[in-house]
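Structure data follow from query26.cif (mmCIF, C-alpha atoms):
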```
data_upload
#
loop_
_atom_site.group_PDB
_atom_site.id
_atom_site.type_symbol
_atom_site.label_atom_id
_atom_site.label_comp_id
_atom_site.auth_asym_id
_atom_site.auth_seq_id
_atom_site.Cartn_x
_atom_site.Cartn_y
_atom_site.Cartn_z
ATOM 1 C CA MET A 1 97.361 -66.824 -140.449
ATOM 2 C CA THR A 2 100.405 -67.770 -138.376
ATOM 3 C CA SER A 3 103.680 -66.001 -139.043
ATOM 4 C CA LEU A 4 107.013 -67.552 -138.189
ATOM 5 C CA THR A 5 110.000 -65.677 -136.924
ATOM 6 C CA ARG A 6 113.322 -66.180 -138.676
ATOM 7 C CA ARG A 7 114.434 -68.328 -135.726
ATOM 8 C CA ASP A 8 111.276 -70.515 -135.925
ATOM 9 C CA GLY A 9 111.815 -70.939 -139.651
ATOM 10 C CA LEU A 10 115.436 -71.974 -139.220
ATOM 11 C CA ALA A 11 114.462 -74.439 -136.487
ATOM 12 C CA ALA A 12 111.828 -75.951 -138.779
ATOM 13 C CA ILE A 13 114.371 -76.269 -141.600
ATOM 14 C CA GLY A 14 116.814 -77.923 -139.202
ATOM 15 C CA THR A 15 114.117 -80.366 -138.133
ATOM 16 C CA ALA A 16 113.277 -81.196 -141.759
ATOM 17 C CA VAL A 17 116.941 -81.708 -142.699
ATOM 18 C CA SER A 18 117.456 -83.964 -139.673
ATOM 19 C CA ALA A 19 114.379 -85.958 -140.626
ATOM 20 C CA VAL A 20 115.588 -86.474 -144.206
ATOM 21 C CA VAL A 21 119.106 -87.447 -143.129
ATOM 22 C CA LEU A 22 117.932 -89.866 -140.447
ATOM 23 C CA GLY A 23 115.117 -91.393 -142.507
ATOM 24 C CA ALA A 24 113.303 -93.918 -140.294
ATOM 25 C CA ASN A 25 114.202 -91.962 -137.168
ATOM 26 C CA ALA A 26 112.708 -88.730 -138.516
ATOM 27 C CA SER A 27 110.127 -88.384 -135.765
ATOM 28 C CA GLU A 28 112.729 -88.918 -133.053
ATOM 29 C CA ALA A 29 115.069 -86.417 -134.726
ATOM 30 C CA ALA A 30 112.304 -83.827 -134.963
ATOM 31 C CA THR A 31 111.475 -84.277 -131.293
ATOM 32 C CA LYS A 32 115.104 -83.858 -130.232
ATOM 33 C CA VAL A 33 115.631 -80.781 -132.396
ATOM 34 C CA ALA A 34 112.409 -79.180 -131.164
ATOM 35 C CA ALA A 35 113.213 -79.963 -127.514
ATOM 36 C CA ALA A 36 116.755 -78.563 -127.503
ATOM 37 C CA PHE A 37 117.280 -75.530 -125.288
ATOM 38 C CA ASP A 38 120.523 -73.598 -125.481
ATOM 39 C CA ASP A 39 121.356 -72.739 -121.869
ATOM 40 C CA ARG A 40 124.890 -71.448 -122.511
ATOM 41 C CA ASN A 41 123.856 -67.930 -121.446
ATOM 42 C CA VAL A 42 122.468 -69.133 -118.118
ATOM 43 C CA THR A 43 124.882 -69.010 -115.186
ATOM 44 C CA TRP A 44 123.979 -72.068 -113.139
ATOM 45 C CA ASN A 45 124.550 -72.113 -109.389
ATOM 46 C CA THR A 46 124.488 -74.883 -106.792
ATOM 47 C CA LEU A 47 123.389 -75.190 -103.188
ATOM 48 C CA GLU A 48 125.666 -77.019 -100.796
ATOM 49 C CA GLY A 49 124.152 -80.337 -99.754
ATOM 50 C CA ILE A 50 121.724 -80.523 -102.682
ATOM 51 C CA ASP A 51 123.202 -82.751 -105.357
ATOM 52 C CA HIS A 52 121.956 -83.135 -108.934
ATOM 53 C CA LEU A 53 120.371 -79.659 -109.011
ATOM 54 C CA TRP A 54 121.422 -76.294 -110.421
ATOM 55 C CA TYR A 55 119.482 -73.058 -110.153
ATOM 56 C CA HIS A 56 119.317 -69.532 -111.496
ATOM 57 C CA VAL A 57 117.041 -67.075 -109.690
ATOM 58 C CA LEU A 58 115.241 -64.940 -112.264
ATOM 59 C CA ASN A 59 113.300 -62.634 -109.963
ATOM 60 C CA VAL A 60 112.218 -62.106 -106.369
ATOM 61 C CA ASP A 61 109.247 -59.791 -105.873
ATOM 62 C CA ARG A 62 108.680 -59.230 -102.154
ATOM 63 C CA ASP A 63 105.556 -57.099 -102.720
ATOM 64 C CA GLN A 64 103.850 -59.766 -104.837
ATOM 65 C CA LYS A 65 105.435 -62.628 -102.828
ATOM 66 C CA VAL A 66 106.763 -64.328 -105.978
ATOM 67 C CA VAL A 67 110.034 -66.147 -106.659
ATOM 68 C CA ASP A 68 110.772 -67.148 -110.263
ATOM 69 C CA LEU A 69 113.697 -69.424 -110.979
ATOM 70 C CA LEU A 70 115.143 -71.855 -113.461
ATOM 71 C CA LEU A 71 116.031 -75.277 -112.124
ATOM 72 C CA LYS A 72 118.156 -77.852 -113.920
ATOM 73 C CA PHE A 73 117.889 -81.454 -112.752
ATOM 74 C CA ALA A 74 120.553 -84.033 -113.614
ATOM 75 C CA ALA A 75 119.538 -86.897 -115.891
ATOM 76 C CA ASN A 76 118.508 -90.109 -114.143
ATOM 77 C CA GLU A 77 119.131 -88.669 -110.664
ATOM 78 C CA LYS A 78 116.986 -87.403 -107.798
ATOM 79 C CA VAL A 79 117.325 -84.301 -105.636
ATOM 80 C CA VAL A 80 116.831 -84.319 -101.865
ATOM 81 C CA LEU A 81 113.513 -85.028 -100.224
ATOM 82 C CA HIS A 82 111.596 -81.771 -99.901
ATOM 83 C CA LYS A 83 108.196 -80.179 -99.548
ATOM 84 C CA HIS A 84 106.645 -77.182 -101.331
ATOM 85 C CA HIS A 85 105.015 -74.703 -98.944
ATOM 86 C CA ALA A 86 104.071 -72.069 -101.550
ATOM 87 C CA ASP A 87 101.670 -72.389 -104.466
ATOM 88 C CA TYR A 88 103.720 -72.930 -107.599
ATOM 89 C CA SER A 89 103.662 -73.286 -111.372
ATOM 90 C CA THR A 90 106.141 -75.163 -113.502
ATOM 91 C CA PHE A 91 106.862 -75.116 -117.213
ATOM 92 C CA ILE A 92 109.228 -77.773 -118.543
ATOM 93 C CA ILE A 93 111.648 -76.224 -121.032
ATOM 94 C CA GLN A 94 113.809 -79.278 -121.759
ATOM 95 C CA GLY A 95 113.630 -82.976 -120.993
ATOM 96 C CA GLU A 96 111.140 -84.328 -118.545
ATOM 97 C CA LEU A 97 110.722 -83.780 -114.833
ATOM 98 C CA ARG A 98 110.123 -86.955 -112.867
ATOM 99 C CA LEU A 99 108.507 -86.842 -109.430
ATOM 100 C CA TYR A 100 108.890 -89.571 -106.800
ATOM 101 C CA ASP A 101 107.129 -90.060 -103.476
ATOM 102 C CA ALA A 102 109.065 -90.250 -100.208
ATOM 103 C CA GLU A 103 109.581 -94.012 -100.717
ATOM 104 C CA GLY A 104 111.103 -93.478 -104.182
ATOM 105 C CA THR A 105 108.146 -94.628 -106.323
ATOM 106 C CA LEU A 106 107.727 -92.694 -109.580
ATOM 107 C CA THR A 107 104.428 -90.790 -109.328
ATOM 108 C CA GLU A 108 104.436 -88.326 -112.225
ATOM 109 C CA ILE A 109 106.304 -87.464 -115.416
ATOM 110 C CA ARG A 110 106.102 -83.923 -116.776
ATOM 111 C CA PRO A 111 107.332 -83.848 -120.396
ATOM 112 C CA THR A 112 108.785 -80.912 -122.316
ATOM 113 C CA ALA A 113 106.263 -78.074 -122.710
ATOM 114 C CA SER A 114 104.001 -79.290 -119.893
ATOM 115 C CA PHE A 115 102.623 -76.665 -117.533
ATOM 116 C CA VAL A 116 101.152 -77.342 -114.100
ATOM 117 C CA GLN A 117 99.877 -75.255 -111.219
ATOM 118 C CA LYS A 118 99.839 -76.797 -107.747
ATOM 119 C CA PRO A 119 98.941 -75.556 -104.288
ATOM 120 C CA GLY A 120 101.566 -75.572 -101.559
ATOM 121 C CA GLY A 121 101.453 -78.181 -98.848
ATOM 122 C CA GLY A 122 101.702 -81.377 -100.881
ATOM 123 C CA ALA A 123 103.398 -84.533 -99.681
ATOM 124 C CA PRO A 124 107.208 -84.703 -99.348
ATOM 125 C CA HIS A 125 108.828 -85.906 -102.565
ATOM 126 C CA THR A 126 111.946 -85.930 -104.693
ATOM 127 C CA GLU A 127 112.344 -84.837 -108.295
ATOM 128 C CA GLY A 128 114.842 -85.405 -111.046
ATOM 129 C CA GLY A 129 115.511 -85.487 -114.753
ATOM 130 C CA GLY A 130 114.577 -88.300 -117.082
ATOM 131 C CA ALA A 131 116.927 -89.670 -119.745
ATOM 132 C CA GLU A 132 118.374 -86.167 -120.273
ATOM 133 C CA GLU A 133 118.805 -83.136 -118.049
ATOM 134 C CA CYS A 134 115.563 -81.388 -117.264
ATOM 135 C CA ILE A 135 115.337 -77.606 -117.291
ATOM 136 C CA ALA A 136 112.208 -76.145 -115.731
ATOM 137 C CA TRP A 137 110.868 -72.725 -114.861
ATOM 138 C CA PHE A 138 109.346 -72.606 -111.369
ATOM 139 C CA SER A 139 107.215 -69.726 -110.158
ATOM 140 C CA ASN A 140 106.512 -69.831 -106.411
ATOM 141 C CA LYS A 141 103.698 -67.585 -105.223
ATOM 142 C CA GLY A 142 101.829 -66.236 -102.270
ATOM 143 C CA THR A 143 104.012 -66.614 -99.204
ATOM 144 C CA ASP A 144 106.593 -64.563 -97.407
ATOM 145 C CA GLY A 145 107.325 -67.590 -95.230
ATOM 146 C CA VAL A 146 108.851 -70.938 -96.185
ATOM 147 C CA ILE A 147 108.794 -71.799 -99.892
ATOM 148 C CA TYR A 148 110.793 -75.058 -99.825
ATOM 149 C CA GLU A 149 111.490 -77.262 -96.826
ATOM 150 C CA ILE A 150 114.498 -79.560 -97.258
ATOM 151 C CA LEU A 151 113.993 -82.866 -95.453
ATOM 152 C CA GLY A 152 116.284 -85.587 -94.179
ATOM 153 C CA PRO A 153 115.798 -89.334 -94.706
ATOM 154 C CA ASN A 154 113.457 -89.566 -91.698
ATOM 155 C CA GLY A 155 111.397 -86.524 -92.707
ATOM 156 C CA GLU A 156 113.230 -84.174 -90.341
ATOM 157 C CA THR A 157 113.710 -80.558 -91.435
ATOM 158 C CA LEU A 158 117.294 -79.891 -92.553
ATOM 159 C CA GLY A 159 116.693 -76.395 -93.876
ATOM 160 C CA THR A 160 114.233 -73.989 -95.428
ATOM 161 C CA LEU A 161 114.269 -71.510 -98.291
ATOM 162 C CA GLY A 162 111.979 -68.475 -98.384
ATOM 163 C CA LEU A 163 111.909 -64.995 -99.897
ATOM 164 C CA PRO A 164 114.952 -63.690 -97.952
ATOM 165 C CA GLU A 165 117.086 -66.696 -98.927
ATOM 166 C CA PHE A 166 116.131 -66.478 -102.607
ATOM 167 C CA GLU A 167 116.747 -62.740 -102.579
ATOM 168 C CA ALA A 168 120.250 -63.348 -101.157
ATOM 169 C CA LEU A 169 120.909 -66.086 -103.734
ATOM 170 C CA MET A 170 119.820 -63.762 -106.542
ATOM 171 C CA GLN A 171 122.075 -60.947 -105.304
ATOM 172 C CA ALA A 172 125.042 -63.333 -105.030
ATOM 173 C CA GLN A 173 124.756 -64.760 -108.542
ATOM 174 C CA ASP A 174 126.092 -63.314 -111.777
ATOM 175 C CA GLU A 175 123.878 -60.828 -113.552
ATOM 176 C CA PRO A 176 121.645 -62.534 -116.129
ATOM 177 C CA VAL A 177 122.142 -61.871 -119.821
ATOM 178 C CA GLN A 178 120.223 -58.743 -120.766
ATOM 179 C CA PRO A 179 118.221 -58.083 -123.914
ATOM 180 C CA ILE A 180 119.913 -56.211 -126.735
ATOM 181 C CA ILE A 181 118.009 -53.109 -127.746
ATOM 182 C CA PRO A 182 119.022 -51.924 -131.218
ATOM 183 C CA GLY A 183 119.420 -48.234 -131.501
#
```
If you took the structure in this file and wrote it as structure tokens, what would it be?
Amino acid sequence: MTSLTRRDGLAAIGTAVSAVVLGANASEAATKVAAAFDDRNVTWNTLEGIDHLWYHVLNVDRDQKVVDLLLKFAANEKVVLHKHHADYSTFIIQGELRLYDAEGTLTEIRPTASFVQKPGGGAPHTEGGGAEECIAWFSNKGTDGVIYEILGPNGETLGTLGLPEFEALMQAQDEPVQPIIPG
């Protein structure tokens, strides 16, 4: 038997009400309601020179060599050409993440709730949101060296981000919202 939380129940009611009100567009309404993510409590940050992307570092664990972060990609835009050097996992929280090869050809679409694990060292690519902003959780694992390599239009290295850089970014950002513990 599955039990729903109060929040799940309210979301389901909201989906049902939207479906009734919108009639023929009920399925679309249900999808939009279910896919909404309230990111008002996330303090988004930017990196100079990287347009269409916002980040929030969740955790840097030097001992485990793990960097967890939220990334928000602008709708219908692409970020800079880059390469992943660390193994990583992604979970799409909102929207869809679109991946493009170095020539700009769409190669993959990751919809809301999709989860992938990939090894580091793949081909250079760009990423961006689909019709709406994409919010994704990225977990980068297993290296104390380069995690992301930012590339120029001719494939030249413009910069790198590794554990020390993500640790500095995390320390420079606002503290994340903390859980409330009743007592």
So which residues touch His82 of chain A within 8 Å, counting all atoms listed in the file, skipping near sequence neighbours fewer than 3 positions away, as a PyMOL selection string?
chain A and resi 124-126+148-151
Would you mind exporting C-alpha atoms of the selected residues as a CSV table (one decimal), keeping the file's coordinate frame?
```
chain,number,residue,atom,x,y,z
A,124,PRO,CA,107.2,-84.7,-99.3
A,125,HIS,CA,108.8,-85.9,-102.6
A,126,THR,CA,111.9,-85.9,-104.7
A,148,TYR,CA,110.8,-75.1,-99.8
A,149,GLU,CA,111.5,-77.3,-96.8
A,150,ILE,CA,114.5,-79.6,-97.3
A,151,LEU,CA,114.0,-82.9,-95.5
```
Residue neighbourhood Gly145 of chain A, 12 Å, all atoms listed in the file, exclusion window fewer than 6 positions, as a PyMOL selection string
chain A and resi 62+65-67+84-87+120+160-166
For the structure provided, state which residues fall under the PyMOL selection byres ((chain A and resi 134) around 6), and present them as a ChimeraX atom specification.
/A:72-73,94-97,129,133,135
Extending 8 Å beyond the listed atoms of segment 53-69 of chain A on each side, what axis-aligned box results? I want centre and edge lengths in Å to one decimal, as AutoDock Vina command-line options.
```
--center_x 112.6 --center_y -68.4 --center_z -107.2 --size_x 33.6 --size_y 38.6 --size_z 26.1
```
Give as a PyMOL selection string each residue that has an atom at most 12 Å from (127.4, -87.7, -112.8) in the file, counting only C-alpha atoms.
chain A and resi 51-53+73-78+132-133
Written selection (C-alpha atoms) as an mmCIF file, in the frame of the given file:
```cif
data_model
loop_
_atom_site.group_PDB
_atom_site.id
_atom_site.type_symbol
_atom_site.label_atom_id
_atom_site.label_comp_id
_atom_site.auth_asym_id
_atom_site.auth_seq_id
_atom_site.Cartn_x
_atom_site.Cartn_y
_atom_site.Cartn_z
ATOM 1 C CA ASP A 51 123.202 -82.751 -105.357
ATOM 2 C CA HIS A 52 121.956 -83.135 -108.934
ATOM 3 C CA LEU A 53 120.371 -79.659 -109.011
ATOM 4 C CA PHE A 73 117.889 -81.454 -112.752
ATOM 5 C CA ALA A 74 120.553 -84.033 -113.614
ATOM 6 C CA ALA A 75 119.538 -86.897 -115.891
ATOM 7 C CA ASN A 76 118.508 -90.109 -114.143
ATOM 8 C CA GLU A 77 119.131 -88.669 -110.664
ATOM 9 C CA LYS A 78 116.986 -87.403 -107.798
ATOM 10 C CA GLU A 132 118.374 -86.167 -120.273
ATOM 11 C CA GLU A 133 118.805 -83.136 -118.049
#
```
Pick the closest to Thr107 of chain A from A:Val79, A:Ala123, A:Ile180, A:Ile92: which is it, counting all atoms listed in the file?
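Selected residue with least distance to Thr107 of chain A: A:Ala123.
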What does the distance between atom CA of Val146 of chain A and atom CA of Leu81 of chain A come to in Å, to one decimal place?
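So the two atoms, atom CA of Val146 of chain A and atom CA of Leu81 of chain A, lie 15.4 Å apart.
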Nearest to Asp174 of chain A by atom-to-atom distance, counting all atoms listed in the file, from A:Glu127, A:Phe115, A:Thr43, A:Val80
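Ranking A:Glu127, A:Phe115, A:Thr43, A:Val80 by distance to Asp174 of chain A, first place goes to A:Thr43.
Between atom CA of Gly130 of chain A and atom CA of Tyr100 of chain A the interatomic distance comes to 11.8 Å.
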For atom CA of Tyr88 of chain A and atom CA of Phe138 of chain A, the interatomic separation in Å (one decimal)
6.8 Å
How close does segment 20-139 of chain A get to segment 170-173 of chain A? List, as a tab-separated table, each residue of segment 20-139 of chain A within 8 Å, its nearest atom pair and the distance in Å to one decimal, counting all atoms listed in the file.
```
residue	atom	partner	partner_atom	distance
A:Thr43	CA	A:Gln173	CA	7.9
A:Asn45	CA	A:Gln173	CA	7.4
A:His56	CA	A:Met170	CA	7.6
A:Val57	CA	A:Met170	CA	5.3
A:Leu58	CA	A:Met170	CA	7.4
A:Asn59	CA	A:Met170	CA	7.4
A:Val60	CA	A:Met170	CA	7.8
```
Selection near Ile93 of chain A, 9 Å with all atoms listed in the file, sequence-local residues under 2 positions removed, as an MDAnalysis selection string:
chainID A and resid 35:37 91 95:96 111:114 134:137
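Residue nearest Thr90 of chain A within the list A:Asp39, A:Glu103, A:Asp68, A:Glu108: A:Asp68 [criterion: smallest interatomic distance, all atoms listed in the file].
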